[in-house]
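To start, the structure itself, in structure tokens.
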Amino acid sequence: MGLVLATTAELALVTTILLLLLATPLAWWLARSRHWWKEIIGALTALPLVLPPTVIGFYVLIALGPASPLMAMLEPFGIRTLAFTFTGLVIGSLFYSLPFAVQPLRTAFEAIGDRPLEIAATMGATPFDRFFTVALPLARRGFLSAAILVFAHTVGEFGVVLMIGGNIPGKTEVLSTRIYQLVESLQFGEAHRIAAILVAFSFTALLGLLLVERRIGTPRP
Amino acid sequence: MITVALDGKVGGAFAVKAAFEVPSSGVTALLGASGSGKTSILRALAGLERIAGTISVDGVVWQDRRIFLPPEQRRIGYVFQGAGLLPHLSVAANLDYAERRALAGPFVRAEIIARAGIAALLDRRPAALSGGEAQRASIARALLGQPRLLLMDEPFSALDTDAREEMLDWLKEVFGEIAIPVFYVTHDHQEAARLAARTIRIRDGMVEA
């Protein structure tokens, strides 16, 4: 139980950190670009919202398997496959939770508007400077929302994990797949405990999210 | 001299065709009705709007067919029509923001703060300021950037008549004390006459004779 909990928390934490780093430039570009075709990229990043997780898992499994060209490129580094590894799970989770990072960040960046960035520009701030000193602080609640959503959503991941994880204890077994195993083997007592933990965790995360979002847009005195 | 010759479109729609030359001192009013394009011209001077044409200030080319200096390289002070402070920073931190990115110049922080009458407001956030207080802080912020050119876009249009009168008297005095050239956008010809040495009338994106 402790081991599964640790794997789950580690997966969610690593995914959250990596995804915030990766989604920030993407969300910034989606929020600021004036090309109409940016919505093609926007739709692509939102795909995991509607795709069955098994489809994501299937493609990631193939991409990480020994026959894929991607893995062929990594062969010189001694990596033949990432399927059924923790790293593979992290990669799958990045795709699975991508929209949950991009959407709140994009919304937060769009809510800033042009004005504060223009004010900073007229004071001599370069685009890089403006991003770090104006956009990031003004979008901070968007980052908090994104972090909560990605963490919670990754904890709740099941289909992708099942497809590419292989349910190896201590490596790729997480709470959601443990429940499945327990129910399969009719251990309802333990399944109840884990299910209750996940309900309590999810409720806390969503409550936190609503409290964060309620304060968006209300300027601090 | 400040030489401007713009001939292009704003956002692919509104056409601006305006050429003028003014000395590098004193206040020039850009006067016109709303929608006349006066703010677009001011934003082009700032580099916030990209309109084809040339702009040069004291022999330095800010834009022509090949060059386009972004706002952060133009050494300007810009006072916006309302909401001209960074909303997440206190008044003092807004002044710091400008000062830290400025080159050396004539404006001294303590003097500017006293002149703007904002000493008691330094710890406040922009959201907790009245319209007049926010604009005085914005003007202080613009000056502490040590600009070579001050650009103002109807800074007091959101104020009620009494507050506006008071601010115009104050601004007239400030203009008398600073040596840098100013462009002041307004739709009110009395305001233009009161503050500016020269007036350029704008209509349908063009300079009226």
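Numbering starts fresh at 1 for the residues of each chain in the structure tokens, the chains themselves are lettered A, B, ... in the order given, and ligands are numbered from 1 as they appear.
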message: I'd like the contact shell of Leu149 of chain B - 8 Å cut-off, only C-alpha atoms, skipping same-chain residues fewer than 2 positions apart - returned as a ChimeraX atom specification.
response: /B:75-77,147,151,180-183
Per DSSP on the backbone, filter segment 26-210 of chain A down to the residues in alpha helix (DSSP H) and report them as an mmCIF file with C-alpha atoms, in the first residue's frame.
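Saved file part_11.cif follows:
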```cif
data_model
loop_
_atom_site.group_PDB
_atom_site.id
_atom_site.type_symbol
_atom_site.label_atom_id
_atom_site.label_comp_id
_atom_site.auth_asym_id
_atom_site.auth_seq_id
_atom_site.Cartn_x
_atom_site.Cartn_y
_atom_site.Cartn_z
ATOM 1 C CA LEU A 26 2.908 26.571 -25.456
ATOM 2 C CA ALA A 27 0.076 28.293 -23.563
ATOM 3 C CA TRP A 28 1.846 31.656 -23.879
ATOM 4 C CA TRP A 29 2.128 31.225 -27.632
ATOM 5 C CA LEU A 30 -1.522 30.128 -27.916
ATOM 6 C CA ALA A 31 -2.600 33.145 -25.868
ATOM 7 C CA ARG A 32 -0.488 35.730 -27.719
ATOM 8 C CA LYS A 38 -2.809 28.449 -33.887
ATOM 9 C CA GLU A 39 -6.178 26.842 -33.122
ATOM 10 C CA ILE A 40 -5.021 23.743 -35.008
ATOM 11 C CA ILE A 41 -2.285 23.431 -32.387
ATOM 12 C CA GLY A 42 -4.863 24.376 -29.742
ATOM 13 C CA ALA A 43 -7.146 21.542 -30.863
ATOM 14 C CA LEU A 44 -4.230 19.079 -30.965
ATOM 15 C CA THR A 45 -3.254 19.912 -27.384
ATOM 16 C CA ALA A 46 -6.892 19.531 -26.299
ATOM 17 C CA PRO A 53 -7.168 7.002 -22.616
ATOM 18 C CA THR A 54 -6.616 3.604 -24.189
ATOM 19 C CA VAL A 55 -5.985 5.322 -27.532
ATOM 20 C CA ILE A 56 -3.348 7.584 -25.976
ATOM 21 C CA GLY A 57 -1.882 4.584 -24.186
ATOM 22 C CA PHE A 58 -1.856 2.558 -27.388
ATOM 23 C CA TYR A 59 0.075 5.162 -29.381
ATOM 24 C CA VAL A 60 2.506 5.870 -26.565
ATOM 25 C CA LEU A 61 3.058 2.124 -26.129
ATOM 26 C CA ILE A 62 3.906 1.753 -29.814
ATOM 27 C CA ALA A 63 6.154 4.847 -29.756
ATOM 28 C CA LEU A 64 8.038 3.523 -26.721
ATOM 29 C CA PRO A 69 11.961 4.656 -34.786
ATOM 30 C CA LEU A 70 12.055 6.805 -31.641
ATOM 31 C CA MET A 71 13.547 3.984 -29.625
ATOM 32 C CA ALA A 72 15.919 3.168 -32.497
ATOM 33 C CA MET A 73 17.341 6.674 -32.040
ATOM 34 C CA LEU A 74 17.858 6.015 -28.338
ATOM 35 C CA PHE A 86 8.221 4.518 -14.843
ATOM 36 C CA THR A 87 9.722 6.846 -17.475
ATOM 37 C CA GLY A 88 7.233 5.473 -19.992
ATOM 38 C CA LEU A 89 4.415 6.181 -17.551
ATOM 39 C CA VAL A 90 5.605 9.765 -17.128
ATOM 40 C CA ILE A 91 5.656 10.249 -20.907
ATOM 41 C CA GLY A 92 2.133 8.843 -21.208
ATOM 42 C CA SER A 93 0.945 11.077 -18.353
ATOM 43 C CA LEU A 94 2.403 14.159 -20.031
ATOM 44 C CA PHE A 95 0.146 13.569 -23.033
ATOM 45 C CA TYR A 96 -2.820 12.508 -20.933
ATOM 46 C CA SER A 97 -2.747 15.618 -18.697
ATOM 47 C CA LEU A 98 -1.478 18.151 -21.266
ATOM 48 C CA PRO A 99 -4.813 19.968 -21.745
ATOM 49 C CA PHE A 100 -5.212 20.358 -17.993
ATOM 50 C CA ALA A 101 -2.029 22.414 -17.924
ATOM 51 C CA VAL A 102 -2.482 24.308 -21.189
ATOM 52 C CA GLN A 103 -6.089 25.434 -20.701
ATOM 53 C CA PRO A 104 -5.822 27.240 -17.342
ATOM 54 C CA LEU A 105 -2.469 28.762 -18.303
ATOM 55 C CA ARG A 106 -3.774 29.992 -21.641
ATOM 56 C CA THR A 107 -6.870 31.469 -19.974
ATOM 57 C CA ALA A 108 -4.717 33.175 -17.340
ATOM 58 C CA PHE A 109 -2.320 34.588 -19.962
ATOM 59 C CA GLU A 110 -5.230 35.827 -22.102
ATOM 60 C CA ALA A 111 -6.835 37.502 -19.080
ATOM 61 C CA ILE A 112 -3.734 39.692 -18.643
ATOM 62 C CA ARG A 115 -2.053 46.702 -21.477
ATOM 63 C CA PRO A 116 0.271 45.562 -18.655
ATOM 64 C CA LEU A 117 2.747 44.203 -21.213
ATOM 65 C CA GLU A 118 2.642 47.489 -23.136
ATOM 66 C CA ILE A 119 3.182 49.470 -19.932
ATOM 67 C CA ALA A 120 6.263 47.362 -19.214
ATOM 68 C CA ALA A 121 7.535 47.738 -22.798
ATOM 69 C CA THR A 122 7.324 51.530 -22.617
ATOM 70 C CA PRO A 127 9.908 40.619 -24.181
ATOM 71 C CA PHE A 128 11.821 38.175 -21.956
ATOM 72 C CA ASP A 129 11.795 40.659 -19.075
ATOM 73 C CA ARG A 130 8.060 41.317 -19.566
ATOM 74 C CA LEU A 136 4.167 35.229 -14.772
ATOM 75 C CA PRO A 137 3.141 37.132 -11.630
ATOM 76 C CA LEU A 138 -0.193 38.164 -13.148
ATOM 77 C CA ARG A 140 0.135 33.012 -10.868
ATOM 78 C CA ARG A 141 -3.328 31.708 -10.028
ATOM 79 C CA GLY A 142 -3.469 30.066 -13.446
ATOM 80 C CA PHE A 143 -0.299 28.205 -12.498
ATOM 81 C CA LEU A 144 -1.823 27.096 -9.210
ATOM 82 C CA SER A 145 -4.983 25.900 -11.013
ATOM 83 C CA ALA A 146 -2.913 24.060 -13.613
ATOM 84 C CA ALA A 147 -0.779 22.396 -10.943
ATOM 85 C CA ILE A 148 -3.792 21.192 -8.940
ATOM 86 C CA LEU A 149 -5.611 19.935 -12.054
ATOM 87 C CA VAL A 150 -2.603 18.120 -13.510
ATOM 88 C CA PHE A 151 -1.686 16.504 -10.205
ATOM 89 C CA ALA A 152 -5.246 15.351 -9.492
ATOM 90 C CA HIS A 153 -5.879 14.224 -13.055
ATOM 91 C CA THR A 154 -2.645 12.213 -13.113
ATOM 92 C CA VAL A 155 -3.559 10.518 -9.840
ATOM 93 C CA GLY A 159 -6.438 3.688 -19.030
ATOM 94 C CA VAL A 160 -3.048 5.030 -20.044
ATOM 95 C CA VAL A 161 -1.319 3.416 -17.078
ATOM 96 C CA LEU A 162 -2.938 0.108 -17.845
ATOM 97 C CA MET A 163 -1.806 0.232 -21.464
ATOM 98 C CA ILE A 164 1.829 1.199 -20.954
ATOM 99 C CA GLY A 165 2.589 0.505 -17.302
ATOM 100 C CA LEU A 175 -3.605 3.435 -6.861
ATOM 101 C CA SER A 176 -6.118 3.293 -9.711
ATOM 102 C CA THR A 177 -4.691 0.083 -11.138
ATOM 103 C CA ARG A 178 -4.290 -1.434 -7.647
ATOM 104 C CA ILE A 179 -8.030 -1.024 -7.098
ATOM 105 C CA TYR A 180 -8.693 -2.832 -10.339
ATOM 106 C CA GLN A 181 -6.441 -5.698 -9.242
ATOM 107 C CA LEU A 182 -8.053 -5.884 -5.823
ATOM 108 C CA VAL A 183 -11.569 -6.022 -7.237
ATOM 109 C CA GLU A 184 -10.508 -8.658 -9.763
ATOM 110 C CA PHE A 188 -13.241 -5.562 -1.508
ATOM 111 C CA GLY A 189 -12.074 -4.349 1.916
ATOM 112 C CA GLU A 190 -8.745 -3.014 0.641
ATOM 113 C CA ALA A 191 -10.394 -1.676 -2.515
ATOM 114 C CA HIS A 192 -12.798 0.287 -0.312
ATOM 115 C CA ARG A 193 -9.929 1.894 1.591
ATOM 116 C CA ILE A 194 -8.110 3.038 -1.568
ATOM 117 C CA ALA A 195 -11.313 4.211 -3.201
ATOM 118 C CA ALA A 196 -12.150 6.288 -0.113
ATOM 119 C CA ILE A 197 -8.664 7.816 -0.127
ATOM 120 C CA LEU A 198 -9.054 8.807 -3.791
ATOM 121 C CA VAL A 199 -12.508 10.312 -3.221
ATOM 122 C CA ALA A 200 -11.206 12.367 -0.273
ATOM 123 C CA PHE A 201 -8.134 13.466 -2.239
ATOM 124 C CA SER A 202 -10.110 14.415 -5.350
ATOM 125 C CA PHE A 203 -12.644 16.388 -3.317
ATOM 126 C CA THR A 204 -9.862 18.281 -1.529
ATOM 127 C CA ALA A 205 -8.138 19.057 -4.823
ATOM 128 C CA LEU A 206 -11.325 20.347 -6.455
ATOM 129 C CA LEU A 207 -12.247 22.400 -3.396
ATOM 130 C CA GLY A 208 -8.767 23.929 -3.446
ATOM 131 C CA LEU A 209 -9.169 24.645 -7.148
ATOM 132 C CA LEU A 210 -12.483 26.424 -6.671
#
```
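Atom CA of Val134 of chain A is found 21.4 Å from atom CA of Leu19 of chain A.
Minimum atom-to-atom distances from B:Gly37, B:Gly176, B:Pro126, B:Pro71 to Gly8 of chain B were compared using only C-alpha atoms, and the lowest value belongs to B:Gly37.
Taking atom CA of Ala5 of chain B as the reference point, atom CA of Thr54 of chain B is found at 5.2 Å.
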